[in-house]
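Raw data-v1.cif, mmCIF, C-alpha atoms:
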```cif
data_coords
#
loop_
_atom_site.label_atom_id
_atom_site.label_comp_id
_atom_site.auth_asym_id
_atom_site.auth_seq_id
_atom_site.Cartn_x
_atom_site.Cartn_y
_atom_site.Cartn_z
CA MET X 66 -2.03 -221.03 -39.04
CA GLY X 67 -3.41 -217.55 -39.60
CA THR X 68 -6.99 -216.36 -39.58
CA GLU X 69 -7.10 -216.27 -43.41
CA GLY X 70 -6.50 -220.00 -43.35
CA HIS X 71 -9.51 -220.44 -41.05
CA ALA X 72 -11.81 -218.71 -43.54
CA GLU X 73 -10.42 -220.77 -46.40
CA THR X 74 -10.96 -224.01 -44.45
CA VAL X 75 -14.58 -223.14 -43.71
CA ARG X 76 -15.24 -222.31 -47.36
CA ARG X 77 -13.78 -225.69 -48.38
CA TYR X 78 -15.87 -227.41 -45.69
CA TRP X 79 -19.13 -225.94 -47.04
CA ALA X 80 -18.22 -226.38 -50.72
CA ALA X 81 -17.48 -230.04 -50.05
CA ALA X 82 -20.73 -230.52 -48.10
CA GLU X 83 -22.78 -228.91 -50.88
CA ALA X 84 -21.00 -231.10 -53.46
CA ARG X 85 -21.44 -234.25 -51.26
CA ASP X 86 -17.68 -234.68 -51.75
CA TRP X 87 -17.10 -236.53 -48.48
CA LYS X 88 -13.40 -237.09 -49.13
CA ALA X 89 -12.82 -233.33 -49.46
CA PHE X 90 -15.10 -232.74 -46.47
CA ALA X 91 -13.12 -235.22 -44.33
CA ALA X 92 -9.89 -233.43 -45.32
CA THR X 93 -11.06 -230.30 -43.44
CA LEU X 94 -11.69 -232.22 -40.19
CA SER X 95 -9.54 -233.11 -37.21
CA PRO X 96 -9.73 -236.84 -36.36
CA ASP X 97 -11.09 -235.77 -32.97
CA VAL X 98 -13.68 -233.29 -34.25
CA VAL X 99 -16.64 -232.73 -31.91
CA TYR X 100 -19.95 -231.41 -33.24
CA ARG X 101 -22.54 -229.84 -30.95
CA CYS X 102 -26.02 -228.48 -31.57
CA PRO X 103 -26.72 -226.72 -28.26
CA GLN X 104 -30.42 -226.22 -29.07
CA THR X 105 -31.09 -229.99 -29.20
CA ARG X 106 -28.07 -231.11 -27.08
CA GLU X 107 -26.92 -233.30 -29.99
CA VAL X 108 -23.25 -234.21 -29.89
CA VAL X 109 -21.22 -236.19 -32.42
CA ARG X 110 -17.65 -237.24 -31.60
CA GLY X 111 -14.92 -238.14 -34.06
CA ARG X 112 -14.42 -237.78 -37.81
CA GLU X 113 -16.11 -241.03 -38.85
CA ALA X 114 -19.27 -240.35 -36.84
CA TYR X 115 -19.36 -236.77 -38.05
CA LEU X 116 -18.98 -237.81 -41.68
CA ARG X 117 -21.91 -240.16 -41.23
CA PHE X 118 -23.97 -237.43 -39.53
CA ASN X 119 -23.53 -235.20 -42.58
CA ARG X 120 -23.81 -237.95 -45.21
CA GLU X 121 -27.05 -239.29 -43.73
CA PHE X 122 -28.54 -235.99 -42.61
CA PRO X 123 -32.18 -236.12 -43.73
CA GLY X 124 -33.47 -234.16 -46.70
CA ASP X 125 -32.13 -232.92 -50.03
CA TRP X 126 -30.51 -229.88 -48.44
CA HIS X 127 -28.59 -227.19 -50.30
CA LEU X 128 -26.68 -224.25 -48.98
CA VAL X 129 -25.18 -220.91 -49.92
CA VAL X 130 -22.44 -219.35 -47.79
CA ASP X 131 -23.40 -215.75 -46.98
CA ARG X 132 -20.51 -214.72 -44.79
CA VAL X 133 -17.38 -216.15 -43.14
CA LEU X 134 -15.78 -214.38 -40.18
CA VAL X 135 -12.63 -215.31 -38.28
CA ASP X 136 -10.82 -214.98 -35.00
CA ASP X 137 -7.54 -216.48 -33.79
CA GLY X 138 -9.27 -219.66 -32.67
CA GLY X 139 -11.33 -220.37 -35.76
CA ALA X 140 -14.21 -219.02 -37.81
CA MET X 141 -17.94 -218.58 -38.06
CA SER X 142 -20.25 -218.89 -41.02
CA ARG X 143 -23.70 -217.62 -41.89
CA THR X 144 -25.34 -219.90 -44.43
CA THR X 145 -28.72 -220.00 -46.11
CA PHE X 146 -30.08 -223.56 -46.24
CA THR X 147 -32.93 -224.73 -48.41
CA VAL X 148 -34.57 -228.10 -47.95
CA GLY X 149 -37.86 -228.91 -49.64
CA GLY X 150 -39.57 -225.54 -49.92
CA GLU X 151 -38.12 -224.24 -46.68
CA THR X 152 -35.33 -221.67 -46.28
CA MET X 153 -33.38 -221.35 -43.02
CA THR X 154 -30.39 -219.43 -41.72
CA GLY X 155 -27.60 -221.50 -40.19
CA LEU X 156 -25.02 -219.99 -37.87
CA CYS X 157 -21.99 -222.14 -37.25
CA LEU X 158 -19.00 -221.48 -34.99
CA PHE X 159 -15.79 -223.38 -35.69
CA THR X 160 -12.67 -223.94 -33.62
CA MET X 161 -9.51 -225.13 -35.32
CA ASP X 162 -6.72 -227.36 -34.05
CA ALA X 163 -3.00 -226.52 -34.33
CA ASP X 164 -2.97 -227.87 -37.90
CA GLY X 165 -5.84 -225.59 -38.90
CA LEU X 166 -8.33 -228.47 -39.10
CA VAL X 167 -11.88 -228.21 -37.78
CA ALA X 168 -11.83 -229.53 -34.20
CA GLY X 169 -15.10 -228.06 -32.92
CA VAL X 170 -18.41 -227.23 -34.61
CA GLU X 171 -21.15 -225.37 -32.73
CA ASP X 172 -24.24 -225.33 -34.90
CA TRP X 173 -27.23 -223.00 -34.40
CA TRP X 174 -30.59 -222.99 -36.18
CA PRO X 175 -32.69 -220.05 -35.00
CA GLU X 176 -36.42 -220.42 -35.62
CA PRO X 177 -39.09 -217.74 -35.91
CA TYR X 178 -40.90 -216.61 -32.75
CA GLU X 179 -43.48 -213.96 -31.84
CA ARG X 180 -42.22 -210.54 -30.82
CA PRO X 181 -42.92 -210.24 -27.07
CA ALA X 182 -45.69 -207.72 -26.31
CA GLU X 183 -43.53 -206.00 -23.67
CA ARG X 184 -41.14 -204.69 -26.35
CA ALA X 185 -43.70 -204.11 -29.11
CA HIS X 186 -43.47 -200.31 -28.68
CA LEU X 187 -39.75 -200.34 -29.52
CA SER X 188 -39.72 -201.63 -33.11
CA GLU X 189 -41.61 -201.98 -36.37
CA LEU X 190 -42.38 -205.36 -37.94
CA GLU X 191 -41.01 -206.04 -41.40
CA THR X 192 -43.21 -207.81 -43.93
CA MET U 204 -10.72 -199.30 -41.19
CA GLY U 205 -9.22 -202.74 -40.70
CA THR U 206 -10.81 -205.86 -39.29
CA GLU U 207 -9.07 -205.34 -35.92
CA GLY U 208 -11.03 -202.11 -35.61
CA HIS U 209 -14.28 -204.00 -36.15
CA ALA U 210 -13.56 -206.34 -33.22
CA GLU U 211 -12.62 -203.41 -31.01
CA THR U 212 -15.84 -201.56 -31.91
CA VAL U 213 -17.99 -204.59 -31.07
CA ARG U 214 -16.21 -205.02 -27.72
CA ARG U 215 -16.89 -201.33 -26.92
CA TYR U 216 -20.52 -201.76 -28.02
CA TRP U 217 -21.12 -204.64 -25.61
CA ALA U 218 -19.12 -203.13 -22.74
CA ALA U 219 -21.19 -199.94 -23.04
CA ALA U 220 -24.46 -201.90 -23.18
CA GLU U 221 -23.55 -203.94 -20.08
CA ALA U 222 -22.57 -200.71 -18.26
CA ARG U 223 -25.76 -198.93 -19.46
CA ASP U 224 -23.38 -196.20 -20.68
CA TRP U 225 -25.63 -194.96 -23.49
CA LYS U 226 -23.28 -192.17 -24.51
CA ALA U 227 -20.45 -194.66 -25.12
CA PHE U 228 -22.94 -197.02 -26.79
CA ALA U 229 -24.13 -194.25 -29.16
CA ALA U 230 -20.52 -193.50 -30.07
CA THR U 231 -20.21 -196.95 -31.69
CA LEU U 232 -23.29 -196.41 -33.92
CA SER U 233 -23.79 -194.91 -37.36
CA PRO U 234 -26.59 -192.29 -37.37
CA ASP U 235 -28.37 -194.53 -39.91
CA VAL U 236 -27.94 -197.81 -38.04
CA VAL U 237 -30.55 -200.44 -38.82
CA TYR U 238 -31.28 -203.27 -36.38
CA ARG U 239 -33.04 -206.46 -37.47
CA CYS U 240 -34.17 -209.53 -35.55
CA PRO U 241 -35.05 -211.89 -38.43
CA GLN U 242 -36.76 -214.40 -36.13
CA THR U 243 -39.44 -211.88 -35.08
CA ARG U 244 -39.17 -209.53 -38.10
CA GLU U 245 -38.42 -206.63 -35.71
CA VAL U 246 -36.65 -203.70 -37.34
CA VAL U 247 -35.40 -200.49 -35.70
CA ARG U 248 -34.13 -197.65 -37.88
CA GLY U 249 -31.78 -194.85 -36.81
CA ARG U 250 -29.53 -194.19 -33.83
CA GLU U 251 -32.13 -192.54 -31.60
CA ALA U 252 -34.68 -195.32 -32.04
CA TYR U 253 -31.99 -197.94 -31.54
CA LEU U 254 -30.72 -196.30 -28.35
CA ARG U 255 -34.28 -196.35 -27.01
CA PHE U 256 -34.69 -200.00 -28.04
CA ASN U 257 -31.67 -200.94 -25.93
CA ARG U 258 -32.33 -198.55 -23.03
CA GLU U 259 -35.92 -199.74 -22.63
CA PHE U 260 -35.36 -203.40 -23.50
CA PRO U 261 -37.29 -205.33 -20.83
CA GLY U 262 -35.57 -207.13 -17.96
CA ASP U 263 -32.42 -206.71 -15.90
CA TRP U 264 -30.24 -208.32 -18.54
CA HIS U 265 -26.51 -208.91 -18.25
CA LEU U 266 -24.06 -210.25 -20.76
CA VAL U 267 -20.63 -211.74 -21.19
CA VAL U 268 -18.87 -211.64 -24.57
CA ASP U 269 -17.66 -215.14 -25.43
CA ARG U 270 -16.15 -214.55 -28.85
CA VAL U 271 -15.77 -211.80 -31.47
CA LEU U 272 -15.00 -212.69 -35.10
CA VAL U 273 -14.41 -210.36 -38.03
CA ASP U 274 -14.53 -210.05 -41.78
CA ASP U 275 -13.88 -207.09 -44.07
CA GLY U 276 -17.46 -205.88 -43.71
CA GLY U 277 -17.82 -206.06 -39.96
CA ALA U 278 -17.93 -208.53 -37.11
CA MET U 279 -19.93 -211.13 -35.26
CA SER U 280 -20.28 -211.79 -31.54
CA ARG U 281 -21.32 -214.73 -29.44
CA THR U 282 -22.63 -213.56 -26.09
CA THR U 283 -24.10 -215.27 -23.05
CA PHE U 284 -27.09 -213.33 -21.72
CA THR U 285 -28.66 -213.81 -18.33
CA VAL U 286 -31.99 -212.27 -17.40
CA GLY U 287 -33.84 -213.37 -14.29
CA GLY U 288 -32.75 -216.98 -13.83
CA GLU U 289 -32.50 -217.65 -17.56
CA THR U 290 -29.31 -217.99 -19.62
CA MET U 291 -29.34 -217.60 -23.41
CA THR U 292 -26.81 -217.47 -26.24
CA GLY U 293 -27.00 -214.42 -28.49
CA LEU U 294 -25.45 -214.41 -31.95
CA CYS U 295 -25.11 -211.00 -33.51
CA LEU U 296 -23.78 -210.07 -36.96
CA PHE U 297 -22.57 -206.51 -37.49
CA THR U 298 -21.84 -204.52 -40.63
CA MET U 299 -19.76 -201.37 -40.37
CA ASP U 300 -19.89 -198.15 -42.38
CA ALA U 301 -16.85 -196.47 -43.98
CA ASP U 302 -16.03 -194.80 -40.63
CA GLY U 303 -16.02 -198.14 -38.84
CA LEU U 304 -19.31 -197.43 -37.04
CA VAL U 305 -22.05 -200.02 -36.63
CA ALA U 306 -24.45 -199.59 -39.56
CA GLY U 307 -26.26 -202.94 -39.42
CA VAL U 308 -27.11 -205.31 -36.58
CA GLU U 309 -28.59 -208.75 -37.29
CA ASP U 310 -29.59 -210.31 -34.00
CA TRP U 311 -30.31 -214.02 -33.46
CA TRP U 312 -31.67 -215.78 -30.37
CA PRO U 313 -31.76 -219.54 -30.95
CA GLU U 314 -34.11 -221.44 -28.65
CA PRO U 315 -34.07 -225.11 -27.63
CA TYR U 316 -35.98 -227.61 -29.76
CA GLU U 317 -36.43 -231.38 -29.83
CA ARG U 318 -33.99 -233.43 -31.88
CA PRO U 319 -35.97 -234.71 -34.89
CA ALA U 320 -36.56 -238.48 -34.73
CA GLU U 321 -35.33 -238.94 -38.30
CA ARG U 322 -31.78 -238.05 -37.29
CA ALA U 323 -31.81 -239.57 -33.79
CA HIS U 324 -29.53 -242.44 -34.91
CA LEU U 325 -26.75 -240.02 -35.88
CA SER U 326 -25.89 -238.38 -32.53
CA GLU U 327 -25.84 -238.72 -28.75
CA LEU U 328 -27.68 -236.32 -26.45
CA GLU U 329 -25.64 -234.37 -23.95
CA THR U 330 -26.99 -233.90 -20.44
#
```
Hey, can you dump this file as structure tokens for me?
Amino acid sequence: MGTEGHAETVRRYWAAAEARDWKAFAATLSPDVVYRCPQTREVVRGREAYLRFNREFPGDWHLVVDRVLVDDGGAMSRTTFTVGGETMTGLCLFTMDADGLVAGVEDWWPEPYERPAERAHLSELET
Amino acid sequence: MGTEGHAETVRRYWAAAEARDWKAFAATLSPDVVYRCPQTREVVRGREAYLRFNREFPGDWHLVVDRVLVDDGGAMSRTTFTVGGETMTGLCLFTMDADGLVAGVEDWWPEPYERPAERAHLSELET
């Protein structure tokens, strides 16, 4: 399974999620998929639990895929999520199993914070 | 410039930063490099300003590169940073110019947050 396949799998994963096509979504997943959100310490183990996590995830969320990058072990996506009036960037690292299915998802949701005063002399602030 | 070159450039970028070898670091950068930290809205424009940003960045920081992924336009790295007793994950998206030099850096520093109650039934919490 080459790296091109990893990118293709991640694009199918997100297209299926956006379409709420849970059969197509499940087809991208290893039976033993493990999801982690390191910021909250959430972990979800196994395809059924992970399908439910996505199906029941709160809010009428929508996404656009901005970028998909690959390495030998899997892929990474940058997505723009909108839910309600809010827009967020999602950064997601994937590892694939030997069949090219998603075996690991590491999900990151960076939130705004104040620029620390100690480095304020080193940058401008964009409006 | 192929995608393999992008990964190699990012590995040289981080090795030079960790070594505080600013000449080698500069050699990975486009003269017109633009750095952005979307979470704080920090922006740094141009190689000289960006060298200073890194050289004078507060703290005795050290890093390990966990993963480098690529696409046609550039690369992305996952790094583990330690500064003082703290450990953080850095996620950095790079775009390269026609010469394969770093022209854009989009830097993300996700911080811990509480799992929202409305999705608490969908996951476990890891210790």
Sort by chain and increasing residue number a table of all residues of chain X within 8 Å of chain U, each with its closest pair of atoms and their distance in Å to one decimal, counting all atoms listed in the file, and write it as a Markdown table.
```
| residue | atom | partner | partner_atom | distance |
| --- | --- | --- | --- | --- |
| X:Pro103 | CA | U:Pro315 | CA | 7.6 |
| X:Gln104 | CA | U:Pro315 | CA | 4.1 |
| X:Thr105 | CA | U:Arg318 | CA | 5.2 |
| X:Arg106 | CA | U:Glu329 | CA | 5.1 |
| X:Glu107 | CA | U:Leu328 | CA | 4.7 |
| X:Val108 | CA | U:Glu327 | CA | 5.3 |
| X:Val109 | CA | U:Ser326 | CA | 5.2 |
| X:Ala114 | CA | U:Leu325 | CA | 7.5 |
| X:Arg117 | CA | U:Leu325 | CA | 7.2 |
| X:Phe118 | CA | U:Leu325 | CA | 5.3 |
| X:Glu121 | CA | U:Leu325 | CA | 7.9 |
| X:Phe122 | CA | U:Arg322 | CA | 6.6 |
| X:Pro123 | CA | U:Arg322 | CA | 6.7 |
| X:Val133 | CA | U:Asp274 | CA | 6.9 |
| X:Leu134 | CA | U:Val273 | CA | 4.8 |
| X:Val135 | CA | U:Leu272 | CA | 4.8 |
| X:Asp136 | CA | U:Leu272 | CA | 4.8 |
| X:Ala140 | CA | U:Leu272 | CA | 6.9 |
| X:Met141 | CA | U:Leu272 | CA | 7.2 |
| X:Trp173 | CA | U:Pro313 | CA | 6.7 |
| X:Trp174 | CA | U:Pro313 | CA | 6.4 |
| X:Pro175 | CA | U:Pro313 | CA | 4.2 |
| X:Glu176 | CA | U:Gln242 | CA | 6.1 |
| X:Pro177 | CA | U:Gln242 | CA | 4.1 |
| X:Tyr178 | CA | U:Thr243 | CA | 5.5 |
| X:Glu179 | CA | U:Thr243 | CA | 5.6 |
| X:Arg180 | CA | U:Thr243 | CA | 5.3 |
| X:Glu183 | CA | U:Pro261 | CA | 6.9 |
| X:Arg184 | CA | U:Phe260 | CA | 6.6 |
| X:Leu187 | CA | U:Phe256 | CA | 5.3 |
| X:Ser188 | CA | U:Val247 | CA | 5.2 |
| X:Glu189 | CA | U:Val246 | CA | 5.3 |
| X:Leu190 | CA | U:Glu245 | CA | 4.7 |
| X:Glu191 | CA | U:Arg244 | CA | 5.1 |
| X:Thr192 | CA | U:Arg244 | CA | 7.3 |
```
Next, the residues of the selection above should be written as a PDB file, keeping the file's coordinate frame with C-alpha atoms.
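Saved result, out21.pdb, follows:
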```pdb
ATOM      1  CA  PRO X 103     -26.720-226.720 -28.260  1.00  0.00           C
ATOM      2  CA  GLN X 104     -30.420-226.220 -29.070  1.00  0.00           C
ATOM      3  CA  THR X 105     -31.090-229.990 -29.200  1.00  0.00           C
ATOM      4  CA  ARG X 106     -28.070-231.110 -27.080  1.00  0.00           C
ATOM      5  CA  GLU X 107     -26.920-233.300 -29.990  1.00  0.00           C
ATOM      6  CA  VAL X 108     -23.250-234.210 -29.890  1.00  0.00           C
ATOM      7  CA  VAL X 109     -21.220-236.190 -32.420  1.00  0.00           C
ATOM      8  CA  ALA X 114     -19.270-240.350 -36.840  1.00  0.00           C
ATOM      9  CA  ARG X 117     -21.910-240.160 -41.230  1.00  0.00           C
ATOM     10  CA  PHE X 118     -23.970-237.430 -39.530  1.00  0.00           C
ATOM     11  CA  GLU X 121     -27.050-239.290 -43.730  1.00  0.00           C
ATOM     12  CA  PHE X 122     -28.540-235.990 -42.610  1.00  0.00           C
ATOM     13  CA  PRO X 123     -32.180-236.120 -43.730  1.00  0.00           C
ATOM     14  CA  VAL X 133     -17.380-216.150 -43.140  1.00  0.00           C
ATOM     15  CA  LEU X 134     -15.780-214.380 -40.180  1.00  0.00           C
ATOM     16  CA  VAL X 135     -12.630-215.310 -38.280  1.00  0.00           C
ATOM     17  CA  ASP X 136     -10.820-214.980 -35.000  1.00  0.00           C
ATOM     18  CA  ALA X 140     -14.210-219.020 -37.810  1.00  0.00           C
ATOM     19  CA  MET X 141     -17.940-218.580 -38.060  1.00  0.00           C
ATOM     20  CA  TRP X 173     -27.230-223.000 -34.400  1.00  0.00           C
ATOM     21  CA  TRP X 174     -30.590-222.990 -36.180  1.00  0.00           C
ATOM     22  CA  PRO X 175     -32.690-220.050 -35.000  1.00  0.00           C
ATOM     23  CA  GLU X 176     -36.420-220.420 -35.620  1.00  0.00           C
ATOM     24  CA  PRO X 177     -39.090-217.740 -35.910  1.00  0.00           C
ATOM     25  CA  TYR X 178     -40.900-216.610 -32.750  1.00  0.00           C
ATOM     26  CA  GLU X 179     -43.480-213.960 -31.840  1.00  0.00           C
ATOM     27  CA  ARG X 180     -42.220-210.540 -30.820  1.00  0.00           C
ATOM     28  CA  GLU X 183     -43.530-206.000 -23.670  1.00  0.00           C
ATOM     29  CA  ARG X 184     -41.140-204.690 -26.350  1.00  0.00           C
ATOM     30  CA  LEU X 187     -39.750-200.340 -29.520  1.00  0.00           C
ATOM     31  CA  SER X 188     -39.720-201.630 -33.110  1.00  0.00           C
ATOM     32  CA  GLU X 189     -41.610-201.980 -36.370  1.00  0.00           C
ATOM     33  CA  LEU X 190     -42.380-205.360 -37.940  1.00  0.00           C
ATOM     34  CA  GLU X 191     -41.010-206.040 -41.400  1.00  0.00           C
ATOM     35  CA  THR X 192     -43.210-207.810 -43.930  1.00  0.00           C
TER      36      THR X 192
END
```
Would you translate the PyMOL selection byres ((chain X and resi 74) around 12) into the concrete set of residues it matches in this file, as a ChimeraX atom specification?
/X:66-73,75-81,89-95,133-135,139-142,159-162,164-168
Preceding selection exported with C-alpha atoms as a PDB file, keeping the file's coordinate frame:
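Full text of again31.pdb as output:
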```pdb
ATOM      1  CA  MET X  66      -2.030-221.030 -39.040  1.00  0.00           C
ATOM      2  CA  GLY X  67      -3.410-217.550 -39.600  1.00  0.00           C
ATOM      3  CA  THR X  68      -6.990-216.360 -39.580  1.00  0.00           C
ATOM      4  CA  GLU X  69      -7.100-216.270 -43.410  1.00  0.00           C
ATOM      5  CA  GLY X  70      -6.500-220.000 -43.350  1.00  0.00           C
ATOM      6  CA  HIS X  71      -9.510-220.440 -41.050  1.00  0.00           C
ATOM      7  CA  ALA X  72     -11.810-218.710 -43.540  1.00  0.00           C
ATOM      8  CA  GLU X  73     -10.420-220.770 -46.400  1.00  0.00           C
ATOM      9  CA  VAL X  75     -14.580-223.140 -43.710  1.00  0.00           C
ATOM     10  CA  ARG X  76     -15.240-222.310 -47.360  1.00  0.00           C
ATOM     11  CA  ARG X  77     -13.780-225.690 -48.380  1.00  0.00           C
ATOM     12  CA  TYR X  78     -15.870-227.410 -45.690  1.00  0.00           C
ATOM     13  CA  TRP X  79     -19.130-225.940 -47.040  1.00  0.00           C
ATOM     14  CA  ALA X  80     -18.220-226.380 -50.720  1.00  0.00           C
ATOM     15  CA  ALA X  81     -17.480-230.040 -50.050  1.00  0.00           C
ATOM     16  CA  ALA X  89     -12.820-233.330 -49.460  1.00  0.00           C
ATOM     17  CA  PHE X  90     -15.100-232.740 -46.470  1.00  0.00           C
ATOM     18  CA  ALA X  91     -13.120-235.220 -44.330  1.00  0.00           C
ATOM     19  CA  ALA X  92      -9.890-233.430 -45.320  1.00  0.00           C
ATOM     20  CA  THR X  93     -11.060-230.300 -43.440  1.00  0.00           C
ATOM     21  CA  LEU X  94     -11.690-232.220 -40.190  1.00  0.00           C
ATOM     22  CA  SER X  95      -9.540-233.110 -37.210  1.00  0.00           C
ATOM     23  CA  VAL X 133     -17.380-216.150 -43.140  1.00  0.00           C
ATOM     24  CA  LEU X 134     -15.780-214.380 -40.180  1.00  0.00           C
ATOM     25  CA  VAL X 135     -12.630-215.310 -38.280  1.00  0.00           C
ATOM     26  CA  GLY X 139     -11.330-220.370 -35.760  1.00  0.00           C
ATOM     27  CA  ALA X 140     -14.210-219.020 -37.810  1.00  0.00           C
ATOM     28  CA  MET X 141     -17.940-218.580 -38.060  1.00  0.00           C
ATOM     29  CA  SER X 142     -20.250-218.890 -41.020  1.00  0.00           C
ATOM     30  CA  PHE X 159     -15.790-223.380 -35.690  1.00  0.00           C
ATOM     31  CA  THR X 160     -12.670-223.940 -33.620  1.00  0.00           C
ATOM     32  CA  MET X 161      -9.510-225.130 -35.320  1.00  0.00           C
ATOM     33  CA  ASP X 162      -6.720-227.360 -34.050  1.00  0.00           C
ATOM     34  CA  ASP X 164      -2.970-227.870 -37.900  1.00  0.00           C
ATOM     35  CA  GLY X 165      -5.840-225.590 -38.900  1.00  0.00           C
ATOM     36  CA  LEU X 166      -8.330-228.470 -39.100  1.00  0.00           C
ATOM     37  CA  VAL X 167     -11.880-228.210 -37.780  1.00  0.00           C
ATOM     38  CA  ALA X 168     -11.830-229.530 -34.200  1.00  0.00           C
TER      39      ALA X 168
END
```
Enumerate, as a list of chain:residue names, the residues matched when the PyMOL selection byres ((chain X and resi 147) around 10) is run on the file above.
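On the file shown, the PyMOL selection byres ((chain X and resi 147) around 10) covers X:Gly124, X:Asp125, X:Trp126, X:His127, X:Leu128, X:Val129, X:Thr144, X:Thr145, X:Phe146, X:Val148, X:Gly149, X:Gly150, X:Glu151, X:Thr152, X:Met153, X:Thr154.
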Please report the interatomic distance between CA of Asp131 in chain X and CA of Arg112 in chain X in Å with one decimal.
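Separation between CA of Asp131 in chain X and CA of Arg112 in chain X: 25.5 Å.
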Of the candidates X:Gly111, X:Val98, X:Gly155, X:Trp87, which shows the shortest atom-to-atom distance to Val130 in chain X, using only C-alpha atoms?
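Once distances to Val130 in chain X are computed over only C-alpha atoms, the minimum belongs to X:Gly155.
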Atomic distance CA of Arg120 in chain X - CA of Ala163 in chain X, expressed in Å with one decimal:
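For CA of Arg120 in chain X relative to CA of Ala163 in chain X, the distance reads 26.1 Å.
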